[in-house]
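**Student:** The structure under discussion is supplied below as structure tokens; questions concerning it will follow.
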Amino acid sequence: SDIKLSNRDILGRLTLMEAHLSESDERLSAAEARIVALTSTVADLRDQTDDQENRARRNNIRILGFPEGVKQGNPSKFLEEALPALLKLPIGTDLSIERAHRSLAPRPGPGQRLCPFIIKLLRFPVKELLLRSARDLGTLEWEGHKILLFPDLSRALQDRHRQFLSVKRILRDKMIKYGLFYPATLRVTYKGTTSSFATAEEAEKFLSSLANTSHPKNDKMPAVSL
């Protein structure tokens, strides 16, 4: 009799535990589904925020290489005078710099990487003119300092661009025309056909398929990086 009572008590407890576990499983499944939905929403919001940040920087250029102290308290005036001569722009070219400043970082010490200038231009075509002129000239030098011009991109977009560095190096070596387009799409033109790649892995698979092929003369053209 005692054993039967004990068994009924154990059976009742097991029934309660099974019901509790079933309810917990349902709540866990609902929570997991909610987490997946929230993760997707956060990713979409992050992409939208990054897109808005880069659109706000659409007319910006980052210039690296000018030493400290050259701006003499007026970086806009200094750059409006220095850039046309540096980039060999036509006389009278109006840059229309809205504002210019050093990046917000501590002043570098001797031998440390210089803080870049960040300039905001009033007109987008002027930005394209400056970057295109820098690409056409190749190496830029100002009073013994190597000057580099880059689009001013968010850190997240810079990381996405950086993933294509090794692929771009191979394309340049093979003299295959390519372009990196906003936000981070690599377009490769080979034998008259253009292919687009959203990731470096996709581009590497494409290159591996060309490993044993030769390129005709009309495909040997300078690489273009946009």
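In the structure tokens, chains take letters A, B, ... by order of appearance, with residues numbered from 1 within each chain and ligands from 1 in the order shown.
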Write out as a list of chain:residue names the residues lying within 12 Å of Ser166 (chain A), counting only C-alpha atoms and excluding same-chain residues fewer than 4 positions away.
**Tutor:**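 Final neighbour list, sorted by chain and number: A:His161, A:Arg162, A:Ile170, A:Leu171, A:Arg172, A:Asp173, A:Ala200, A:Glu201, A:Ala203, A:Glu204, A:Leu207.
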**Student:** Given the choices A:Phe164, A:Tyr190, A:Tyr178, A:Phe66, which gets closest to Cys115 (chain A) if the distance is worked out from only C-alpha atoms?
**Tutor:**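 Looking only at the distances to Cys115 (chain A), the closest residue turns out to be A:Phe66.
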**Student:** Find, counting only C-alpha atoms, the residue in A:Leu89, A:Arg107, A:Gln158, A:Ala19 that gets nearest to Asp136 (chain A).
**Tutor:**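 Of A:Leu89, A:Arg107, A:Gln158, A:Ala19, the one nearest Asp136 (chain A), counting only C-alpha atoms, is A:Leu89.
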**Student:** Just list the residues in region 66-154 of chain A DSSP gives alpha helix (DSSP H) on the backbone, as number ranges by chain.
**Tutor:** A: 75-86, 124-137
**Student:** Which residues, written as a list in words, have at least one atom at most 12 Å from Lys120 (chain A), with only C-alpha atoms counted and residues fewer than 2 positions away on the same chain left out?
**Tutor:**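 My list of contacting residues is Ala56, Arg57, Arg58, Asn59, Asn60, Ile61, Arg62, Ile63, Pro75, Ser76, Leu79, Glu80, Leu95, Ser96, Ile97, Glu98, Arg99, Ala100, His101, Arg102, Phe117, Ile118, Leu122, Arg123, Phe124, Val126, Lys127, Pro151 and Asp152 of chain A.
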**Student:** Please, could you write that set of residues out with N, CA, C and O atoms as a tab-separated table (two decimals), in the first residue's frame?
**Tutor:**
```
chain	number	residue	atom	x	y	z
A	56	ALA	N	25.87	60.58	-46.17
A	56	ALA	CA	26.21	61.88	-45.60
A	56	ALA	C	27.65	62.27	-45.92
A	56	ALA	O	27.99	63.46	-45.96
A	57	ARG	N	28.50	61.26	-46.19
A	57	ARG	CA	29.91	61.52	-46.52
A	57	ARG	C	30.14	61.53	-48.03
A	57	ARG	O	31.28	61.48	-48.49
A	58	ARG	N	29.07	61.56	-48.80
A	58	ARG	CA	29.16	61.40	-50.25
A	58	ARG	C	30.11	62.39	-50.89
A	58	ARG	O	30.82	62.06	-51.85
A	59	ASN	N	30.16	63.61	-50.39
A	59	ASN	CA	31.01	64.65	-50.98
A	59	ASN	C	32.33	64.82	-50.22
A	59	ASN	O	33.02	65.81	-50.41
A	60	ASN	N	32.67	63.85	-49.38
A	60	ASN	CA	33.89	63.96	-48.55
A	60	ASN	C	35.07	63.24	-49.20
A	60	ASN	O	34.90	62.24	-49.89
A	61	ILE	N	36.25	63.77	-48.93
A	61	ILE	CA	37.50	63.12	-49.34
A	61	ILE	C	38.44	63.12	-48.13
A	61	ILE	O	38.52	64.10	-47.38
A	62	ARG	N	39.14	62.02	-47.96
A	62	ARG	CA	40.15	61.89	-46.91
A	62	ARG	C	41.53	62.00	-47.55
A	62	ARG	O	41.84	61.25	-48.49
A	63	ILE	N	42.34	62.93	-47.07
A	63	ILE	CA	43.66	63.20	-47.65
A	63	ILE	C	44.73	62.91	-46.60
A	63	ILE	O	44.74	63.51	-45.51
A	75	PRO	N	42.61	75.42	-42.86
A	75	PRO	CA	42.84	74.26	-43.74
A	75	PRO	C	42.14	74.38	-45.09
A	75	PRO	O	42.67	73.91	-46.09
A	76	SER	N	40.96	75.00	-45.13
A	76	SER	CA	40.24	75.13	-46.41
A	76	SER	C	41.06	75.95	-47.40
A	76	SER	O	41.21	75.57	-48.57
A	79	LEU	N	44.21	73.97	-48.63
A	79	LEU	CA	43.92	72.90	-49.58
A	79	LEU	C	43.44	73.45	-50.92
A	79	LEU	O	43.73	72.87	-51.98
A	80	GLU	N	42.70	74.56	-50.92
A	80	GLU	CA	42.25	75.15	-52.18
A	80	GLU	C	43.43	75.66	-52.99
A	80	GLU	O	43.35	75.76	-54.22
A	95	LEU	N	37.28	74.59	-56.34
A	95	LEU	CA	37.04	73.38	-55.56
A	95	LEU	C	35.79	73.51	-54.68
A	95	LEU	O	35.15	72.51	-54.37
A	96	SER	N	35.46	74.72	-54.28
A	96	SER	CA	34.28	74.95	-53.43
A	96	SER	C	34.28	74.03	-52.21
A	96	SER	O	33.38	73.22	-52.01
A	97	ILE	N	35.33	74.15	-51.40
A	97	ILE	CA	35.42	73.36	-50.17
A	97	ILE	C	34.52	73.97	-49.11
A	97	ILE	O	34.67	75.13	-48.73
A	98	GLU	N	33.53	73.21	-48.66
A	98	GLU	CA	32.61	73.71	-47.64
A	98	GLU	C	33.30	73.79	-46.28
A	98	GLU	O	33.15	74.76	-45.55
A	99	ARG	N	34.04	72.74	-45.95
A	99	ARG	CA	34.82	72.77	-44.69
A	99	ARG	C	35.92	71.73	-44.79
A	99	ARG	O	35.85	70.79	-45.58
A	100	ALA	N	36.94	71.91	-43.98
A	100	ALA	CA	38.07	70.98	-43.94
A	100	ALA	C	38.63	70.96	-42.53
A	100	ALA	O	38.67	71.99	-41.84
A	101	HIS	N	39.04	69.79	-42.08
A	101	HIS	CA	39.61	69.68	-40.73
A	101	HIS	C	40.43	68.40	-40.65
A	101	HIS	O	40.30	67.49	-41.46
A	102	ARG	N	41.32	68.35	-39.66
A	102	ARG	CA	42.04	67.12	-39.37
A	102	ARG	C	41.09	66.14	-38.70
A	102	ARG	O	40.13	66.53	-38.04
A	117	PHE	N	43.53	64.86	-43.45
A	117	PHE	CA	42.55	65.92	-43.64
A	117	PHE	C	41.25	65.28	-44.13
A	117	PHE	O	41.27	64.36	-44.94
A	118	ILE	N	40.13	65.78	-43.66
A	118	ILE	CA	38.83	65.39	-44.18
A	118	ILE	C	38.18	66.64	-44.72
A	118	ILE	O	37.98	67.61	-43.97
A	122	LEU	N	31.28	71.07	-51.86
A	122	LEU	CA	29.90	71.45	-52.14
A	122	LEU	C	29.32	70.66	-53.30
A	122	LEU	O	28.12	70.39	-53.34
A	123	ARG	N	30.17	70.26	-54.26
A	123	ARG	CA	29.68	69.61	-55.47
A	123	ARG	C	30.32	68.23	-55.64
A	123	ARG	O	31.55	68.09	-55.57
A	124	PHE	N	29.48	67.24	-55.88
A	124	PHE	CA	29.96	65.86	-56.06
A	124	PHE	C	30.88	65.72	-57.27
A	124	PHE	O	31.89	65.00	-57.20
A	126	VAL	N	33.10	67.65	-58.33
A	126	VAL	CA	34.46	68.07	-57.96
A	126	VAL	C	35.17	66.95	-57.22
A	126	VAL	O	36.37	66.71	-57.42
A	127	LYS	N	34.45	66.25	-56.36
A	127	LYS	CA	35.04	65.10	-55.66
A	127	LYS	C	35.52	64.06	-56.68
A	127	LYS	O	36.64	63.55	-56.58
A	151	PRO	N	38.18	58.15	-50.86
A	151	PRO	CA	36.81	58.50	-50.47
A	151	PRO	C	36.68	58.36	-48.95
A	151	PRO	O	37.31	57.48	-48.35
A	152	ASP	N	35.88	59.18	-48.33
A	152	ASP	CA	35.69	59.13	-46.88
A	152	ASP	C	34.54	58.18	-46.58
A	152	ASP	O	33.37	58.56	-46.69
```
**Student:** Pick out the residues sitting within 12 Å of region 43-49 of chain A, and hand them over as a PyMOL selection string; count only C-alpha atoms, and ignore anything fewer than 6 positions along from it in its own chain.
**Tutor:** chain A and resi 36-37+55-56+154+156-157+183
**Student:** Save the residues we just selected, C-alpha atoms, as a compact mmCIF listing (two decimals), in the first residue's frame?
**Tutor:**
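Output file selection.txt follows:
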```txt
# COMPACT_ATOMS: atom_id res chain seq x y z
CA VAL A 36 15.95 35.49 -35.02
CA ALA A 37 13.44 38.17 -36.02
CA ARG A 55 25.54 59.04 -48.04
CA ALA A 56 26.21 61.88 -45.60
CA SER A 154 32.52 54.55 -42.70
CA ALA A 156 32.16 49.22 -41.64
CA LEU A 157 32.24 49.95 -45.37
CA PRO A 183 28.53 49.97 -51.53
```
**Student:** Compile the contact shell of region 85-87 of chain A as a PyMOL selection string: residues with an atom at most 12 Å away, counting only C-alpha atoms, same-chain residues fewer than 6 positions apart removed.
**Tutor:** chain A and resi 66+78-79+93+95+129-143+145-149
**Student:** Can you list every residue in chain A that DSSP puts in strand (DSSP E or B), as an MDAnalysis selection string?
**Tutor:** chainID A and resid 60:64 97:102 117:121 140:142 145:151 177:181 185:190 193:197
